[in-house]
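Below is query_33.cif, which holds mmCIF, C-alpha atoms.
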data_protein
loop_
_atom_site.label_atom_id
_atom_site.label_comp_id
_atom_site.auth_asym_id
_atom_site.auth_seq_id
_atom_site.Cartn_x
_atom_site.Cartn_y
_atom_site.Cartn_z
CA MET E 1 18.28 34.70 7.33
CA ALA E 2 14.91 33.49 8.55
CA LYS E 3 11.62 34.39 6.94
CA ARG E 4 8.48 35.29 8.83
CA LYS E 5 5.76 32.68 8.51
CA SER E 6 2.88 35.10 8.41
CA LYS E 7 2.44 38.42 6.68
CA LEU E 8 0.09 39.52 9.47
CA PRO E 9 1.73 41.85 11.98
CA LYS E 10 2.21 40.59 15.51
CA ARG E 11 0.23 42.29 18.21
CA ALA E 12 2.97 42.31 20.81
CA ARG E 13 4.29 45.05 23.01
CA ALA E 14 7.48 46.76 21.99
CA VAL E 15 10.57 45.70 23.88
CA ASN E 16 11.70 48.90 25.55
CA LEU E 17 15.23 50.23 25.25
CA VAL E 18 16.25 49.20 28.77
CA VAL E 19 15.20 45.59 28.14
CA GLN E 20 17.00 45.66 24.77
CA ASN E 21 20.13 46.88 26.57
CA ILE E 22 19.90 44.20 29.28
CA ASN E 23 19.69 41.50 26.60
CA ILE E 24 22.63 42.98 24.68
CA GLN E 25 24.73 43.24 27.86
CA LEU E 26 24.00 39.59 28.72
CA ARG E 27 25.06 38.28 25.30
CA PHE E 28 27.61 40.94 24.30
CA PRO E 29 29.03 42.44 27.53
CA GLY E 30 31.62 44.49 25.63
CA PHE E 31 28.93 46.70 24.09
CA SER E 32 28.30 50.09 25.68
CA CYS E 33 24.98 51.92 25.49
CA ARG E 34 23.86 55.51 25.46
CA ILE E 35 20.13 56.33 25.58
CA ASN E 36 19.05 59.87 24.76
CA LYS E 37 15.60 61.19 23.81
CA GLY E 38 14.16 57.74 23.10
CA CYS E 39 17.07 56.60 20.93
CA ALA E 40 19.62 54.02 22.00
CA VAL E 41 23.10 53.79 20.53
CA TRP E 42 25.23 50.74 21.22
CA LYS E 43 28.91 50.54 20.35
CA GLY E 44 30.96 47.42 20.51
CA GLU E 45 33.30 45.02 18.77
CA LEU E 46 32.54 42.09 16.50
CA GLN E 47 35.10 39.64 15.16
CA PRO E 48 33.49 37.07 12.85
CA GLN E 49 36.55 34.75 12.91
CA SER E 50 39.66 34.55 15.05
CA ILE E 51 41.74 35.64 12.04
CA SER E 52 39.41 38.56 11.24
CA PRO E 53 40.08 42.13 12.19
CA VAL E 54 38.08 43.46 15.12
CA TYR E 55 35.25 45.58 13.76
CA GLN E 56 33.91 48.52 15.74
CA VAL E 57 30.16 48.68 15.12
CA GLU E 58 27.43 51.08 16.07
CA ILE E 59 23.76 50.15 16.36
CA LYS E 60 21.14 52.89 16.51
CA TYR E 61 17.60 52.05 17.53
CA LYS E 62 14.51 54.07 18.22
CA LEU E 63 11.36 52.24 19.32
CA LYS E 64 9.10 51.15 16.47
CA GLN E 65 11.84 51.84 13.93
CA ILE E 66 14.36 49.53 12.31
CA PRO E 67 17.73 49.10 14.06
CA LYS E 68 20.57 50.43 11.92
CA VAL E 69 24.06 48.94 12.04
CA LYS E 70 27.13 50.73 10.79
CA VAL E 71 30.79 49.70 10.83
CA ILE E 72 32.87 52.48 12.39
CA SER E 73 36.26 50.86 11.82
CA PRO E 74 38.04 49.54 9.95
CA HIS E 75 36.54 51.34 6.99
CA LEU E 76 34.65 49.08 4.61
CA ALA E 77 35.63 49.01 0.94
CA HIS E 78 33.88 51.77 -0.98
CA SER E 79 32.30 49.33 -3.44
CA SER E 80 31.05 46.91 -0.75
CA PRO E 81 27.83 45.11 -1.68
CA HIS E 82 24.81 44.96 0.59
CA LEU E 83 25.26 48.44 2.01
CA TYR E 84 22.74 51.22 1.82
CA LYS E 85 23.96 54.57 0.52
CA ASP E 86 24.40 55.85 4.08
CA ARG E 87 26.76 52.88 4.75
CA ILE E 88 24.17 51.07 6.90
CA LEU E 89 24.51 47.29 6.60
CA CYS E 90 21.81 45.52 4.61
CA LEU E 91 21.15 42.62 6.97
CA TYR E 92 17.95 41.36 5.37
CA TRP E 93 15.63 41.96 2.44
CA PRO E 94 12.49 43.73 3.74
CA LYS E 95 10.28 41.87 1.26
CA GLU E 96 11.18 38.60 3.01
CA TRP E 97 11.54 39.62 6.65
CA TRP E 98 10.76 42.70 8.68
CA TRP E 99 11.67 43.99 12.10
CA GLN E 100 9.00 43.50 14.74
CA GLN E 101 8.73 45.65 17.85
CA ASP E 102 9.10 42.61 20.13
CA ASP E 103 12.29 41.32 18.46
CA LEU E 104 15.54 41.44 20.40
CA ILE E 105 18.57 43.14 18.90
CA ALA E 106 20.87 40.75 20.80
CA GLU E 107 19.22 37.68 19.26
CA ILE E 108 18.76 38.89 15.69
CA ILE E 109 20.53 42.06 14.64
CA ILE E 110 23.96 41.58 16.26
CA PRO E 111 24.39 37.95 15.10
CA TRP E 112 23.27 38.97 11.61
CA ALA E 113 25.79 41.83 11.64
CA ALA E 114 28.55 39.35 12.55
CA SER E 115 27.38 37.09 9.70
CA TRP E 116 27.38 40.07 7.34
CA LEU E 117 31.00 40.82 8.32
CA TYR E 118 31.98 37.20 7.70
CA HIS E 119 30.46 37.32 4.22
CA TYR E 120 32.04 40.72 3.60
CA GLU E 121 35.45 39.17 4.24
CA LEU E 122 34.65 36.35 1.81
CA TRP E 123 33.62 38.98 -0.75
CA LEU E 124 36.98 40.73 -0.26
CA ASP E 125 38.73 37.42 -1.03
CA THR E 126 36.53 36.18 -3.88
CA GLY E 127 34.83 39.22 -5.40
CA LYS E 128 31.47 37.42 -4.98
CA TRP E 129 28.88 37.87 -2.26
CA LEU E 130 28.50 34.33 -0.91
CA GLY E 131 26.05 35.17 1.87
CA PRO E 132 22.29 34.95 1.85
CA SER E 133 20.86 37.23 -0.78
CA SER E 134 17.75 37.40 -2.86
CA HIS E 135 18.20 40.79 -4.44
CA GLU E 136 20.73 42.57 -6.55
CA ASN E 137 23.06 45.22 -5.23
CA ILE E 138 20.82 47.77 -3.54
CA ARG E 139 22.93 50.80 -4.34
#
If you took the structure in this file and wrote it as structure tokens, what would it be?
Amino acid sequence: MAKRKSKLPKRARAVNLVVQNINIQLRFPGFSCRINKGCAVWKGELQPQSISPVYQVEIKYKLKQIPKVKVISPHLAHSSPHLYKDRILCLYWPKEWWWQQDDLIAEIIIPWAASWLYHYELWLDTGKWLGPSSHENIR
């Protein structure tokens, strides 16, 4: 996963929820969206490989907060690495990269979630997390 070049925050305008949804619909037309009280929730399917199961995922995003991705089904193994306690996917290490208000969920978060699922499947097969990681299990 890419690192930010500068530790200085960008001074860009936040991408509003409607624009986020348009970008998601263009790249991932199978995702549905519900916006309520300034919070968007997208639900859709990701399949990291043709032999992989189809994963139902949910992405919750409120402006100026970090998007949160959760796998709805199939259920992830209880001891899965790189999950927060609330079963939110750990897509990046905040000491190396951070969400910016002008980032696009369709360009960053959804592809990273698909990559996370790919590495999760490798972990199921090998018992080792083979994906990008620079921290120990965050549990």
Step by step: start from the point (26.8, 34.9, 12.2) in the file's coordinates, keep every protein, DNA or RNA residue that has an atom no farther than 12 Å from it, count all atoms listed in the file, and write the set as a compact mmCIF listing (two decimals) with C-alpha atoms, in the coordinates of the input.
# COMPACT_ATOMS: atom_id res chain seq x y z
CA MET E 1 18.28 34.70 7.33
CA LEU E 46 32.54 42.09 16.50
CA GLN E 47 35.10 39.64 15.16
CA PRO E 48 33.49 37.07 12.85
CA GLN E 49 36.55 34.75 12.91
CA LEU E 91 21.15 42.62 6.97
CA ALA E 106 20.87 40.75 20.80
CA GLU E 107 19.22 37.68 19.26
CA ILE E 108 18.76 38.89 15.69
CA ILE E 109 20.53 42.06 14.64
CA ILE E 110 23.96 41.58 16.26
CA PRO E 111 24.39 37.95 15.10
CA TRP E 112 23.27 38.97 11.61
CA ALA E 113 25.79 41.83 11.64
CA ALA E 114 28.55 39.35 12.55
CA SER E 115 27.38 37.09 9.70
CA TRP E 116 27.38 40.07 7.34
CA LEU E 117 31.00 40.82 8.32
CA TYR E 118 31.98 37.20 7.70
CA HIS E 119 30.46 37.32 4.22
CA TYR E 120 32.04 40.72 3.60
CA GLY E 131 26.05 35.17 1.87
CA PRO E 132 22.29 34.95 1.85
Worksheet item: Exactly which residues make up the result of the PyMOL selection byres ((chain E and resi 77) around 12) on this file, given as a list in words?
Response: Val71, Ser73, Pro74, His75, Leu76, His78, Ser79, Ser80, Pro81, His82, Leu83, Arg87, Leu117, Tyr120, Glu121, Trp123, Leu124 and Gly127 of chain E
Against stretch 14-35 of chain E, which residues of stretch 50-134 of chain E fall within 9 Å? For each one I want the closest pair of atoms and the distance in Å (one decimal), counting only C-alpha atoms, rows by chain and increasing residue number, as a tab-separated table.
residue	atom	partner	partner_atom	distance
E:Tyr61	CA	E:Leu17	CA	8.3
E:Lys62	CA	E:Leu17	CA	8.0
E:Leu63	CA	E:Asn16	CA	7.1
E:Lys64	CA	E:Ala14	CA	7.2
E:Gln100	CA	E:Ala14	CA	8.1
E:Gln101	CA	E:Ala14	CA	4.5
E:Asp102	CA	E:Ala14	CA	4.8
E:Asp103	CA	E:Val15	CA	7.2
E:Leu104	CA	E:Gln20	CA	6.2
E:Ile105	CA	E:Gln20	CA	6.6
E:Ala106	CA	E:Ile24	CA	4.8
E:Glu107	CA	E:Asn23	CA	8.3
E:Ile110	CA	E:Ile24	CA	8.6
Practice prompt. Quote the spacing between atom CA of E:Lys70 and atom CA of E:Trp93 in Å to one decimal place.
Written response: 16.7 Å
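Taking atom CA of E:Val57 and atom CA of E:Trp42 as the two end points, the separation is 8.1 Å.
The spacing separating atom CA of E:Ile88 from atom CA of E:Val69 amounts to 5.6 Å.
Nearest-residue note for E:Ser133: choosing from E:Tyr92, E:Val41, E:Trp99, E:Pro53, the minimum distance belongs to E:Tyr92, counting all atoms listed in the file.
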Taking the partial coordinates given, rebuild stretch 22-43 of chain E to contain N, CA and C atoms; return it as a tab-separated table (two decimals), in the coordinates of the input.
chain	number	residue	atom	x	y	z
E	22	ILE	N	19.61	45.32	28.38
E	22	ILE	CA	19.90	44.20	29.28
E	22	ILE	C	20.24	42.95	28.47
E	23	ASN	N	19.45	42.67	27.44
E	23	ASN	CA	19.69	41.50	26.60
E	23	ASN	C	21.02	41.61	25.86
E	24	ILE	N	21.34	42.79	25.37
E	24	ILE	CA	22.63	42.98	24.68
E	24	ILE	C	23.78	42.79	25.68
E	25	GLN	N	23.67	43.36	26.88
E	25	GLN	CA	24.73	43.24	27.86
E	25	GLN	C	24.95	41.78	28.29
E	26	LEU	N	23.87	41.00	28.35
E	26	LEU	CA	24.00	39.59	28.72
E	26	LEU	C	24.74	38.79	27.66
E	27	ARG	N	24.44	39.06	26.38
E	27	ARG	CA	25.06	38.28	25.30
E	27	ARG	C	26.35	38.90	24.78
E	28	PHE	N	26.45	40.22	24.85
E	28	PHE	CA	27.61	40.94	24.30
E	28	PHE	C	28.07	41.98	25.33
E	29	PRO	N	28.70	41.53	26.42
E	29	PRO	CA	29.03	42.44	27.53
E	29	PRO	C	30.00	43.56	27.16
E	30	GLY	N	30.69	43.45	26.05
E	30	GLY	CA	31.62	44.49	25.63
E	30	GLY	C	30.95	45.69	24.97
E	31	PHE	N	29.65	45.60	24.73
E	31	PHE	CA	28.93	46.70	24.09
E	31	PHE	C	28.55	47.74	25.14
E	32	SER	N	28.73	48.99	24.79
E	32	SER	CA	28.30	50.09	25.68
E	32	SER	C	27.03	50.70	25.09
E	33	CYS	N	26.26	51.36	25.93
E	33	CYS	CA	24.98	51.92	25.49
E	33	CYS	C	24.83	53.36	25.97
E	34	ARG	N	24.24	54.15	25.11
E	34	ARG	CA	23.86	55.51	25.46
E	34	ARG	C	22.40	55.68	25.02
E	35	ILE	N	21.54	56.10	25.92
E	35	ILE	CA	20.13	56.33	25.58
E	35	ILE	C	19.86	57.82	25.77
E	36	ASN	N	19.33	58.44	24.72
E	36	ASN	CA	19.05	59.87	24.76
E	36	ASN	C	17.81	60.16	23.92
E	37	LYS	N	16.82	60.77	24.51
E	37	LYS	CA	15.60	61.19	23.81
E	37	LYS	C	14.95	60.03	23.05
E	38	GLY	N	14.85	58.88	23.70
E	38	GLY	CA	14.16	57.74	23.10
E	38	GLY	C	14.93	56.99	22.04
E	39	CYS	N	16.23	57.29	21.91
E	39	CYS	CA	17.07	56.60	20.93
E	39	CYS	C	18.25	55.98	21.66
E	40	ALA	N	18.48	54.70	21.40
E	40	ALA	CA	19.62	54.02	22.00
E	40	ALA	C	20.71	53.84	20.95
E	41	VAL	N	21.94	54.02	21.39
E	41	VAL	CA	23.10	53.79	20.53
E	41	VAL	C	24.04	52.86	21.28
E	42	TRP	N	24.28	51.70	20.67
E	42	TRP	CA	25.23	50.74	21.22
E	42	TRP	C	26.49	50.76	20.37
E	43	LYS	N	27.63	50.67	21.04
E	43	LYS	CA	28.91	50.54	20.35
E	43	LYS	C	29.64	49.35	20.94
